[in-house]
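Participant: The file below is start.cif, mmCIF, C-alpha atoms:
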```
data_query
#
loop_
_atom_site.label_atom_id
_atom_site.label_comp_id
_atom_site.auth_asym_id
_atom_site.auth_seq_id
_atom_site.Cartn_x
_atom_site.Cartn_y
_atom_site.Cartn_z
CA MET A 19 -2.06 31.71 -11.95
CA ASN A 20 1.57 31.01 -11.13
CA PHE A 21 2.96 27.53 -10.40
CA LYS A 22 2.70 27.94 -6.62
CA GLU A 23 -1.00 28.77 -6.90
CA TYR A 24 -1.47 25.94 -9.39
CA LEU A 25 -0.15 23.41 -6.85
CA GLU A 26 -1.99 24.98 -3.92
CA LYS A 27 -5.27 24.77 -5.84
CA GLY A 28 -4.81 21.05 -6.49
CA GLY A 29 -3.03 21.06 -9.85
CA ALA A 30 -1.17 17.82 -10.59
CA VAL A 31 2.39 17.32 -11.76
CA ILE A 32 4.15 14.25 -13.11
CA ILE A 33 7.80 13.39 -12.53
CA HIS A 34 9.54 10.72 -14.64
CA ASP A 35 12.84 9.45 -13.30
CA GLY A 36 14.45 8.06 -16.46
CA SER A 37 15.53 4.68 -17.77
CA GLU A 38 18.70 4.46 -15.67
CA ARG A 39 16.58 4.34 -12.51
CA GLU A 40 13.00 3.08 -11.91
CA ASN A 41 11.91 4.23 -15.40
CA GLU A 42 8.66 5.29 -13.85
CA ALA A 43 6.30 8.25 -13.78
CA ASP A 44 4.62 9.36 -10.54
CA LEU A 45 1.41 11.38 -10.44
CA ILE A 46 1.82 14.02 -7.74
CA PHE A 47 -0.32 16.50 -5.78
CA TYR A 48 0.58 19.00 -3.07
CA ALA A 49 -0.44 17.42 0.26
CA GLY A 50 -2.31 20.55 1.31
CA ALA A 51 -4.55 20.35 -1.77
CA VAL A 52 -5.59 16.69 -1.60
CA ASP A 53 -9.22 15.73 -1.07
CA LYS A 54 -11.15 12.50 -1.54
CA LYS A 55 -11.65 13.15 -5.27
CA LYS A 56 -7.90 13.46 -5.77
CA ILE A 57 -7.26 10.23 -3.88
CA ALA A 58 -9.67 8.55 -6.31
CA VAL A 59 -7.76 10.06 -9.25
CA LEU A 60 -4.48 8.74 -7.86
CA ARG A 61 -5.71 5.19 -7.38
CA LYS A 62 -7.67 5.05 -10.65
CA ASP A 63 -5.37 6.92 -13.04
CA ALA A 64 -2.01 6.05 -11.42
CA GLY A 65 -2.64 2.79 -9.54
CA GLY A 66 0.44 2.33 -7.34
CA LEU A 67 0.82 2.96 -3.62
CA ILE A 68 -0.45 6.31 -2.36
CA CYS A 69 2.43 7.84 -0.42
CA VAL A 70 3.30 11.11 1.30
CA ALA A 71 6.85 12.30 0.70
CA LEU A 72 8.31 14.51 3.43
CA SER A 73 11.50 16.53 3.24
CA ASP A 74 14.47 15.50 5.38
CA GLU A 75 13.85 18.56 7.57
CA LEU A 76 10.14 17.84 8.15
CA SER A 77 10.86 14.13 8.68
CA ASN A 78 13.29 15.11 11.42
CA LYS A 79 10.61 17.27 13.04
CA LEU A 80 8.43 14.15 13.31
CA ASN A 81 11.41 11.96 14.30
CA LEU A 82 10.50 9.60 11.43
CA PRO A 83 12.82 6.62 10.98
CA PHE A 84 13.40 4.83 7.69
CA LYS A 85 11.47 1.55 7.60
CA THR A 86 14.72 -0.30 6.85
CA GLU A 87 16.06 0.91 10.22
CA ILE A 88 13.00 -0.39 12.08
CA LEU A 89 13.08 -3.74 10.30
CA SER A 90 16.80 -4.12 10.90
CA ASN A 91 16.17 -3.96 14.65
CA ASP A 92 13.87 -7.00 14.56
CA GLU A 93 15.56 -10.38 14.94
CA ARG A 94 12.98 -12.26 12.84
CA VAL A 95 13.11 -10.02 9.79
CA LYS A 96 16.49 -8.27 9.82
CA ASP A 97 18.05 -10.69 7.30
CA LEU A 98 15.15 -9.98 4.90
CA VAL A 99 15.92 -6.25 4.78
CA VAL A 100 16.99 -5.05 1.34
CA LYS A 101 20.52 -3.68 1.05
CA LYS A 102 20.12 -2.12 -2.36
CA THR A 103 17.10 -2.17 -4.68
CA PRO A 104 17.42 -3.30 -8.34
CA TYR A 105 17.32 0.39 -9.38
CA GLY A 106 20.19 1.27 -7.08
CA ASP A 107 18.76 3.14 -4.08
CA ARG A 108 17.54 2.12 -0.70
CA PRO A 109 13.76 2.48 -0.33
CA ALA A 110 12.46 5.83 0.95
CA PHE A 111 9.72 4.12 3.00
CA SER A 112 9.14 5.21 6.57
CA ILE A 113 6.12 3.96 8.55
CA THR A 114 2.47 3.74 7.39
CA VAL A 115 -0.07 5.86 9.29
CA ASN A 116 -3.78 6.59 9.75
CA HIS A 117 -5.28 9.69 11.33
CA LYS A 118 -7.17 8.70 14.49
CA GLY A 119 -10.32 10.27 13.03
CA THR A 120 -10.53 7.64 10.27
CA HIS A 121 -12.55 4.40 10.34
CA THR A 122 -10.68 1.76 8.31
CA GLY A 123 -8.13 4.24 6.98
CA ILE A 124 -8.29 2.99 3.37
CA THR A 125 -11.26 4.85 1.83
CA ASP A 126 -10.70 7.96 -0.29
CA GLU A 127 -12.21 10.05 2.51
CA ASP A 128 -9.99 8.41 5.16
CA ARG A 129 -6.76 8.68 3.20
CA ALA A 130 -7.50 12.36 2.44
CA LYS A 131 -8.16 12.93 6.16
CA THR A 132 -4.83 11.33 7.10
CA ILE A 133 -2.91 13.36 4.52
CA ASN A 134 -4.65 16.66 5.30
CA GLY A 135 -4.15 16.08 9.02
CA LEU A 136 -0.46 15.50 8.52
CA PHE A 137 -0.18 18.62 6.37
CA GLU A 138 -1.88 20.71 9.05
CA ILE A 139 0.39 19.74 11.93
CA ILE A 140 3.67 19.70 10.03
CA GLU A 141 4.62 23.33 10.63
CA ARG A 142 3.00 23.85 14.03
CA GLU A 143 5.11 24.62 17.06
CA TYR A 144 5.28 21.01 18.32
CA PRO A 145 4.60 18.82 15.27
CA GLU A 146 6.02 15.64 16.80
CA LYS A 147 3.73 15.90 19.81
CA GLU A 148 0.67 16.44 17.62
CA PHE A 149 1.76 13.63 15.30
CA ARG A 150 1.94 11.22 18.23
CA ASN A 151 -1.41 12.41 19.58
CA ASP A 152 -3.39 12.31 16.34
CA PHE A 153 -2.01 9.41 14.28
CA TYR A 154 -1.30 5.71 14.64
CA THR A 155 0.78 3.07 12.91
CA PRO A 156 0.40 0.70 11.06
CA GLY A 157 -2.01 2.49 8.74
CA HIS A 158 -2.90 2.88 5.07
CA VAL A 159 -0.89 5.93 3.98
CA HIS A 160 2.80 5.26 3.30
CA LEU A 161 5.17 7.95 4.53
CA LEU A 162 8.32 8.47 2.51
CA ARG A 163 11.38 10.16 3.95
CA ALA A 164 13.51 12.24 1.60
CA SER A 165 17.25 11.78 2.02
CA PRO A 166 19.47 14.76 2.77
CA ASN A 167 20.77 16.62 -0.29
CA GLY A 168 22.54 14.52 -2.87
CA LYS A 169 22.31 11.17 -1.06
CA ARG A 170 19.44 9.82 -3.15
CA CYS A 171 17.55 11.30 -6.05
CA GLY A 172 14.23 9.58 -6.66
CA HIS A 173 10.62 10.71 -6.91
CA THR A 174 10.59 11.36 -3.16
CA GLU A 175 13.47 13.84 -3.21
CA LEU A 176 12.56 15.40 -6.57
CA SER A 177 8.93 16.08 -5.62
CA VAL A 178 9.80 17.55 -2.23
CA LYS A 179 12.42 19.80 -3.80
CA LEU A 180 9.90 20.94 -6.42
CA ALA A 181 7.53 21.99 -3.63
CA GLU A 182 10.22 23.77 -1.63
CA LYS A 183 11.69 25.61 -4.63
CA THR A 184 8.15 26.76 -5.48
CA GLY A 185 7.84 28.27 -2.00
CA LEU A 186 5.65 25.53 -0.52
CA LYS A 187 6.10 23.04 2.34
CA GLY A 188 8.07 19.90 1.48
CA VAL A 189 5.07 17.54 1.64
CA MET A 190 3.85 15.90 -1.58
CA VAL A 191 1.50 13.02 -2.34
CA LEU A 192 2.82 10.55 -4.93
CA CYS A 193 1.53 7.50 -6.72
CA GLU A 194 3.27 5.34 -9.36
CA MET A 195 1.60 5.37 -12.80
CA LEU A 196 0.93 1.82 -14.00
CA ASP A 197 -0.21 0.44 -17.36
CA ASP A 198 -2.70 -2.42 -17.29
CA GLU A 199 -2.25 -3.06 -21.01
CA THR A 200 1.38 -4.08 -20.53
CA GLY A 201 1.45 -4.87 -16.80
CA LYS A 202 4.47 -2.57 -16.55
CA ALA A 203 5.09 1.03 -15.51
CA LEU A 204 3.36 3.52 -17.81
CA SER A 205 5.81 4.34 -20.61
CA PHE A 206 7.12 7.88 -21.05
CA GLU A 207 5.13 8.19 -24.30
CA LYS A 208 1.85 7.15 -22.69
CA THR A 209 2.61 9.38 -19.70
CA LYS A 210 2.95 12.37 -22.03
CA MET A 211 -0.34 11.49 -23.74
CA TYR A 212 -2.12 11.35 -20.37
CA ALA A 213 -0.50 14.62 -19.28
CA GLU A 214 -1.50 16.36 -22.50
CA LYS A 215 -5.11 15.20 -22.16
CA TYR A 216 -5.42 16.79 -18.70
CA GLY A 217 -2.97 19.68 -19.11
CA ILE A 218 -0.53 18.34 -16.51
CA PRO A 219 3.14 19.43 -16.61
CA VAL A 220 5.67 16.57 -16.88
CA PHE A 221 9.18 16.96 -15.51
CA SER A 222 12.01 14.53 -16.09
CA LYS A 223 14.63 13.86 -13.44
CA LYS A 224 17.20 15.46 -15.74
CA GLU A 225 15.14 18.63 -16.19
CA LEU A 226 14.66 19.04 -12.45
CA GLU A 227 18.36 18.44 -11.79
CA VAL A 228 19.32 21.15 -14.29
CA LEU A 229 16.64 23.48 -12.90
CA TYR A 230 17.89 23.14 -9.31
CA SER A 231 21.64 22.81 -9.89
CA MET B 19 -16.77 -26.89 -12.22
CA ASN B 20 -16.81 -27.10 -8.42
CA PHE B 21 -15.83 -24.25 -6.12
CA LYS B 22 -12.25 -25.50 -5.65
CA GLU B 23 -11.70 -25.52 -9.40
CA TYR B 24 -13.40 -22.14 -9.70
CA LEU B 25 -10.86 -20.58 -7.30
CA GLU B 26 -7.89 -22.44 -8.79
CA LYS B 27 -8.82 -21.17 -12.25
CA GLY B 28 -8.86 -17.56 -11.05
CA GLY B 29 -12.51 -17.07 -10.10
CA ALA B 30 -13.07 -14.16 -7.70
CA VAL B 31 -15.04 -14.08 -4.46
CA ILE B 32 -16.20 -11.16 -2.36
CA ILE B 33 -16.44 -11.16 1.44
CA HIS B 34 -18.39 -8.45 3.27
CA ASP B 35 -17.75 -8.19 6.99
CA GLY B 36 -20.91 -6.40 8.17
CA SER B 37 -21.79 -3.06 9.71
CA GLU B 38 -20.59 -3.95 13.22
CA ARG B 39 -17.02 -4.22 11.94
CA GLU B 40 -15.26 -2.49 8.98
CA ASN B 41 -18.50 -2.53 6.92
CA GLU B 42 -16.38 -3.30 3.92
CA ALA B 43 -16.26 -5.71 0.98
CA ASP B 44 -12.96 -7.21 -0.17
CA LEU B 45 -12.41 -8.56 -3.68
CA ILE B 46 -10.46 -11.81 -3.35
CA PHE B 47 -8.51 -14.24 -5.55
CA TYR B 48 -6.65 -17.44 -4.72
CA ALA B 49 -2.94 -16.55 -4.58
CA GLY B 50 -2.04 -19.43 -6.89
CA ALA B 51 -4.32 -18.07 -9.62
CA VAL B 52 -3.20 -14.45 -9.68
CA ASP B 53 -1.56 -12.96 -12.77
CA LYS B 54 -0.87 -9.40 -13.92
CA LYS B 55 -4.39 -9.04 -15.35
CA LYS B 56 -5.93 -9.92 -11.99
CA ILE B 57 -3.69 -7.40 -10.18
CA ALA B 58 -5.03 -4.77 -12.58
CA VAL B 59 -8.61 -5.87 -11.78
CA LEU B 60 -7.90 -5.56 -8.04
CA ARG B 61 -6.45 -2.08 -8.26
CA LYS B 62 -9.01 -0.76 -10.77
CA ASP B 63 -12.23 -2.41 -9.56
CA ALA B 64 -11.42 -2.60 -5.83
CA GLY B 65 -8.85 0.17 -5.24
CA GLY B 66 -7.50 -0.53 -1.74
CA LEU B 67 -4.20 -2.08 -0.72
CA ILE B 68 -3.31 -5.35 -2.47
CA CYS B 69 -2.52 -7.81 0.30
CA VAL B 70 -1.75 -11.50 0.70
CA ALA B 71 -3.48 -13.16 3.65
CA LEU B 72 -1.70 -16.21 5.07
CA SER B 73 -3.09 -18.68 7.57
CA ASP B 74 -1.66 -18.79 11.07
CA GLU B 75 0.01 -22.12 10.23
CA LEU B 76 1.65 -20.87 7.02
CA SER B 77 2.67 -17.60 8.71
CA ASN B 78 4.44 -19.66 11.36
CA LYS B 79 6.28 -21.60 8.66
CA LEU B 80 7.70 -18.29 7.40
CA ASN B 81 8.25 -17.00 10.95
CA LEU B 82 6.23 -13.90 10.06
CA PRO B 83 5.76 -11.38 12.87
CA PHE B 84 2.83 -8.99 13.15
CA LYS B 85 3.87 -5.49 12.11
CA THR B 86 2.66 -4.16 15.46
CA GLU B 87 5.27 -6.39 17.16
CA ILE B 88 8.08 -5.03 14.98
CA LEU B 89 7.00 -1.41 15.49
CA SER B 90 6.67 -1.90 19.23
CA ASN B 91 10.35 -2.83 19.39
CA ASP B 92 11.44 0.51 17.96
CA GLU B 93 11.99 3.33 20.46
CA ARG B 94 11.04 6.10 18.01
CA VAL B 95 7.69 4.67 16.94
CA LYS B 96 6.50 2.38 19.71
CA ASP B 97 4.17 4.99 21.23
CA LEU B 98 2.52 5.44 17.80
CA VAL B 99 1.50 1.78 17.61
CA VAL B 100 -2.26 1.26 17.58
CA LYS B 101 -3.73 -0.62 20.53
CA LYS B 102 -7.14 -1.19 19.04
CA THR B 103 -8.53 -0.03 15.69
CA PRO B 104 -11.86 1.88 15.47
CA TYR B 105 -13.52 -1.36 14.25
CA GLY B 106 -12.27 -3.29 17.25
CA ASP B 107 -9.41 -5.54 16.10
CA ARG B 108 -5.69 -5.17 15.94
CA PRO B 109 -4.40 -4.87 12.34
CA ALA B 110 -3.49 -8.13 10.57
CA PHE B 111 -0.51 -6.49 8.84
CA SER B 112 2.81 -8.28 8.79
CA ILE B 113 5.73 -7.00 6.66
CA THR B 114 5.63 -5.82 3.02
CA VAL B 115 7.70 -7.82 0.50
CA ASN B 116 8.97 -7.92 -3.08
CA HIS B 117 10.29 -10.97 -4.90
CA LYS B 118 13.95 -10.44 -5.77
CA GLY B 119 13.12 -10.99 -9.45
CA THR B 120 11.05 -7.79 -9.61
CA HIS B 121 12.25 -4.33 -10.71
CA THR B 122 10.35 -1.68 -8.74
CA GLY B 123 7.94 -4.20 -7.22
CA ILE B 124 4.81 -2.10 -7.84
CA THR B 125 3.79 -2.93 -11.44
CA ASP B 126 1.04 -5.48 -12.12
CA GLU B 127 3.69 -7.87 -13.44
CA ASP B 128 5.92 -7.37 -10.39
CA ARG B 129 3.16 -7.77 -7.81
CA ALA B 130 1.95 -10.94 -9.57
CA LYS B 131 5.53 -12.26 -9.53
CA THR B 132 5.85 -11.58 -5.80
CA ILE B 133 2.52 -13.26 -5.02
CA ASN B 134 3.09 -16.26 -7.30
CA GLY B 135 6.59 -16.72 -5.90
CA LEU B 136 5.25 -16.73 -2.38
CA PHE B 137 2.56 -19.24 -3.34
CA GLU B 138 5.15 -21.55 -4.88
CA ILE B 139 7.45 -21.75 -1.87
CA ILE B 140 4.80 -21.88 0.83
CA GLU B 141 4.42 -25.65 0.98
CA ARG B 142 7.95 -26.65 0.07
CA GLU B 143 10.14 -28.53 2.54
CA TYR B 144 11.96 -25.44 3.84
CA PRO B 145 9.67 -22.48 3.07
CA GLU B 146 11.35 -20.10 5.51
CA LYS B 147 14.76 -20.65 3.94
CA GLU B 148 13.38 -20.05 0.43
CA PHE B 149 11.44 -17.01 1.66
CA ARG B 150 14.61 -15.47 3.03
CA ASN B 151 16.54 -16.30 -0.13
CA ASP B 152 14.03 -15.04 -2.68
CA PHE B 153 12.27 -12.04 -1.11
CA TYR B 154 13.11 -8.74 0.53
CA THR B 155 11.42 -6.20 2.77
CA PRO B 156 10.22 -3.43 2.59
CA GLY B 157 8.33 -4.11 -0.62
CA HIS B 158 5.01 -3.42 -2.36
CA VAL B 159 2.87 -6.44 -1.43
CA HIS B 160 1.40 -6.33 2.08
CA LEU B 161 1.41 -9.63 3.93
CA LEU B 162 -1.44 -10.24 6.37
CA ARG B 163 -1.19 -12.77 9.15
CA ALA B 164 -4.38 -14.59 10.16
CA SER B 165 -4.87 -14.95 13.89
CA PRO B 166 -5.32 -18.39 15.42
CA ASN B 167 -8.91 -19.67 15.54
CA GLY B 168 -11.41 -17.35 17.16
CA LYS B 169 -9.02 -14.58 18.15
CA ARG B 170 -9.97 -12.24 15.32
CA CYS B 171 -12.50 -12.60 12.54
CA GLY B 172 -11.87 -10.19 9.70
CA HIS B 173 -11.36 -10.53 5.94
CA THR B 174 -7.93 -12.04 6.58
CA GLU B 175 -9.21 -14.93 8.69
CA LEU B 176 -12.44 -15.43 6.72
CA SER B 177 -10.71 -15.62 3.34
CA VAL B 178 -8.02 -18.00 4.53
CA LYS B 179 -10.61 -20.26 6.12
CA LEU B 180 -12.64 -20.23 2.90
CA ALA B 181 -9.58 -21.46 1.00
CA GLU B 182 -8.74 -24.15 3.55
CA LYS B 183 -12.31 -25.44 3.84
CA THR B 184 -12.38 -25.68 0.04
CA GLY B 185 -9.28 -27.89 0.13
CA LEU B 186 -6.80 -25.23 -0.97
CA LYS B 187 -3.75 -23.64 0.68
CA GLY B 188 -4.48 -20.82 3.11
CA VAL B 189 -3.11 -18.06 0.89
CA MET B 190 -5.51 -15.48 -0.56
CA VAL B 191 -5.08 -12.11 -2.25
CA LEU B 192 -7.41 -9.38 -0.96
CA CYS B 193 -8.18 -5.79 -1.82
CA GLU B 194 -10.72 -3.42 -0.23
CA MET B 195 -13.55 -2.31 -2.55
CA LEU B 196 -13.83 1.49 -2.59
CA ASP B 197 -16.43 3.84 -4.04
CA ASP B 198 -15.18 7.00 -5.70
CA GLU B 199 -18.70 8.43 -5.92
CA THR B 200 -19.01 8.60 -2.14
CA GLY B 201 -15.35 8.45 -1.07
CA LYS B 202 -16.33 5.61 1.29
CA ALA B 203 -16.21 1.83 1.23
CA LEU B 204 -18.40 0.34 -1.51
CA SER B 205 -21.85 -0.23 0.01
CA PHE B 206 -23.28 -3.73 0.28
CA GLU B 207 -25.89 -2.86 -2.36
CA LYS B 208 -23.30 -1.65 -4.87
CA THR B 209 -21.10 -4.64 -4.06
CA LYS B 210 -23.95 -6.98 -4.96
CA MET B 211 -24.53 -5.11 -8.23
CA TYR B 212 -20.85 -5.46 -9.14
CA ALA B 213 -20.87 -9.13 -8.17
CA GLU B 214 -23.97 -9.83 -10.24
CA LYS B 215 -22.49 -8.13 -13.29
CA TYR B 216 -19.43 -10.41 -13.21
CA GLY B 217 -21.01 -13.53 -11.70
CA ILE B 218 -18.94 -13.35 -8.50
CA PRO B 219 -20.21 -15.05 -5.32
CA VAL B 220 -20.60 -12.75 -2.30
CA PHE B 221 -20.30 -14.11 1.24
CA SER B 222 -21.14 -12.20 4.37
CA LYS B 223 -19.19 -12.69 7.58
CA LYS B 224 -22.34 -14.14 9.13
CA GLU B 225 -22.83 -16.66 6.32
CA LEU B 226 -19.26 -17.87 6.56
CA GLU B 227 -19.46 -18.17 10.34
CA VAL B 228 -22.60 -20.31 10.06
CA LEU B 229 -21.01 -22.36 7.26
CA TYR B 230 -17.89 -23.14 9.30
CA SER B 231 -19.36 -23.39 12.79
#
```
Could you spell out this file's structure in structure tokens?

Facilitator:
Amino acid sequence: MNFKEYLEKGGAVIIHDGSERENEADLIFYAGAVDKKKIAVLRKDAGGLICVALSDELSNKLNLPFKTEILSNDERVKDLVVKKTPYGDRPAFSITVNHKGTHTGITDEDRAKTINGLFEIIEREYPEKEFRNDFYTPGHVHLLRASPNGKRCGHTELSVKLAEKTGLKGVMVLCEMLDDETGKALSFEKTKMYAEKYGIPVFSKKELEVLYS
Amino acid sequence: MNFKEYLEKGGAVIIHDGSERENEADLIFYAGAVDKKKIAVLRKDAGGLICVALSDELSNKLNLPFKTEILSNDERVKDLVVKKTPYGDRPAFSITVNHKGTHTGITDEDRAKTINGLFEIIEREYPEKEFRNDFYTPGHVHLLRASPNGKRCGHTELSVKLAEKTGLKGVMVLCEMLDDETGKALSFEKTKMYAEKYGIPVFSKKELEVLYS
């Protein structure tokens, strides 16, 4: 089984972004391979926000704005909008969505339905039209918009690039790995122990940058 | 120990909203009593989004808009904004925030810092000014805005009312209880089993409505 098949069949990867940035590992699945069991794995083994990262190209197809742009247009909240995060980048957040076929939107089943639905429409002939027909905001799945090449290099961009370079669509599901013993992000050492236990490949930001340079 | 002290010392409550609405139980702590260990409990034992519900009065003090209002002002997303959710109400979501003293904002430590910081400023002389000084959006803690009396009656409103009727500030931390065996919301039966195991009181929407009528 090659790496493309591994991801398509629901194999996980972990990306760690290094101490000069968030110093954080994200547990990642290919959006086309997510089901309710994998959503449960993400929330139980990782514990952060469950997000869908979309490439710059696919985000444009959906006409997805950055959340900072939306917030900056609102008189009551525009002065609350972050200029630069403590780790140096602007947030990759776009809007939150639910598929219209969900009930509350938050259950494992519902979040899988939202993510699978998004994956299905993303390369159709008129994805924006289908997106606007089948989804609503605000919801319970956070969309992340990758920046164009070189502008930002976080988990969002790295995971999407990994998918694309593997020959897949640029749509990945990410969740930050947290450590309830320390209350902090899971350390690189503990991340490697988790990865070894389940046979999950771990990539560092540096490795991926070398790989794709 | 009376109920007020129980909540102030970090005791949990569960509210179940009944089958005619979300049919969902939320695990709830008083915002003033949350620490990193309790954030870990919320994400591991409940599993949904970790949110802070604020009363209508306190939301006004911070000049917090509903997220639907913000989204409706943006040309690119306004036609995606939900009119009515499948369970009948409009979403209580306001903006997401991080305290400026956090790093990524998502760790147990960071989310506790954001929530505790919000709790501290909420009844100061100029809460809006402090809010705008000390926090930024978008972040990793979801703020929920309770509707004025009678307009909506979900976990947001019920939890805030529970706090106020107990003599506390209307600021509660909520998280939806999910079931990874079924992929659905935790059933009322399983919720009661969990509550019994940890000695947590469970209130139904109907009970609270009778109690506060």

Participant: Step by step, work through what the PyMOL selection byres ((chain A) within 6 of (chain B)) selects in the shown file, and finish by giving those residues as a list in words.

Facilitator: Lys54, Ala58, Lys62, Leu98, Val99, Val100, Pro104, His121, Thr125, Asp126, Glu127, Arg150, Tyr154, Thr155, Asp198, Gly201, Lys202 and Ala203 of chain A

Participant: Between CA of Gly36 in chain B and CA of Lys223 in chain B, measure the distance and give it in Å to one decimal.

Facilitator: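 Value for the CA of Gly36 in chain B-CA of Lys223 in chain B distance: 6.5 Å.
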
Participant: So what does the PyMOL selection byres ((chain B and resi 69) around 9) actually pick up in this one, as a VMD selection string?

Facilitator: chain B and resid 67 to 68 70 to 71 111 114 159 to 162 190 to 193

Participant: Residues within 12 Å of Glu138 in chain B, please, as a list of chain:residue names. Count all atoms listed in the file; anything in the same chain fewer than 6 positions from it doesn't count.

Facilitator: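 Near Glu138 in chain B, the qualifying residues are B:Ala49, B:Gly50, B:Ala51, B:Val52, B:His117, B:Lys131, B:Thr132, B:Tyr144, B:Pro145, B:Glu148, B:Phe149, B:Asp152, B:Lys187, B:Val189.
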
Participant: Between CA of Tyr48 in chain B and CA of Glu26 in chain B, what is the distance in Å, rounded to a tenth?

Facilitator: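 Between CA of Tyr48 in chain B and CA of Glu26 in chain B the gap is 6.6 Å.
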
Participant: To verify the selection step, state as a PyMOL selection string which residues the PyMOL selection byres ((chain A and resi 220) around 12) yields on this input.

Facilitator: chain A and resi 30-35+43-46+177+206-214+216-219+221-226

Participant: Find the residues around Tyr230 in chain B up to 10 Å (only C-alpha atoms counted), leave out those fewer than 6 positions away in its own chain, and share them as a ChimeraX atom specification.

Facilitator: /B:176,179-180,183

Participant: Please produce an output containing C-alpha atoms for each residue in the selection, written as a short mmCIF file (atom, residue, chain, number, x, y, z; two decimals), in the frame of the given file.

Facilitator:
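Contents of out30.cif, as written:
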```
data_model
loop_
_atom_site.label_atom_id
_atom_site.label_comp_id
_atom_site.auth_asym_id
_atom_site.auth_seq_id
_atom_site.Cartn_x
_atom_site.Cartn_y
_atom_site.Cartn_z
CA LEU B 176 -12.44 -15.43 6.72
CA LYS B 179 -10.61 -20.26 6.12
CA LEU B 180 -12.64 -20.23 2.90
CA LYS B 183 -12.31 -25.44 3.84
#
```

Participant: Between CA of Lys22 in chain B and CA of Gly185 in chain B, what is the distance in Å, rounded to a tenth?

Facilitator: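 Spanning CA of Lys22 in chain B to CA of Gly185 in chain B is a straight-line distance of 6.9 Å.
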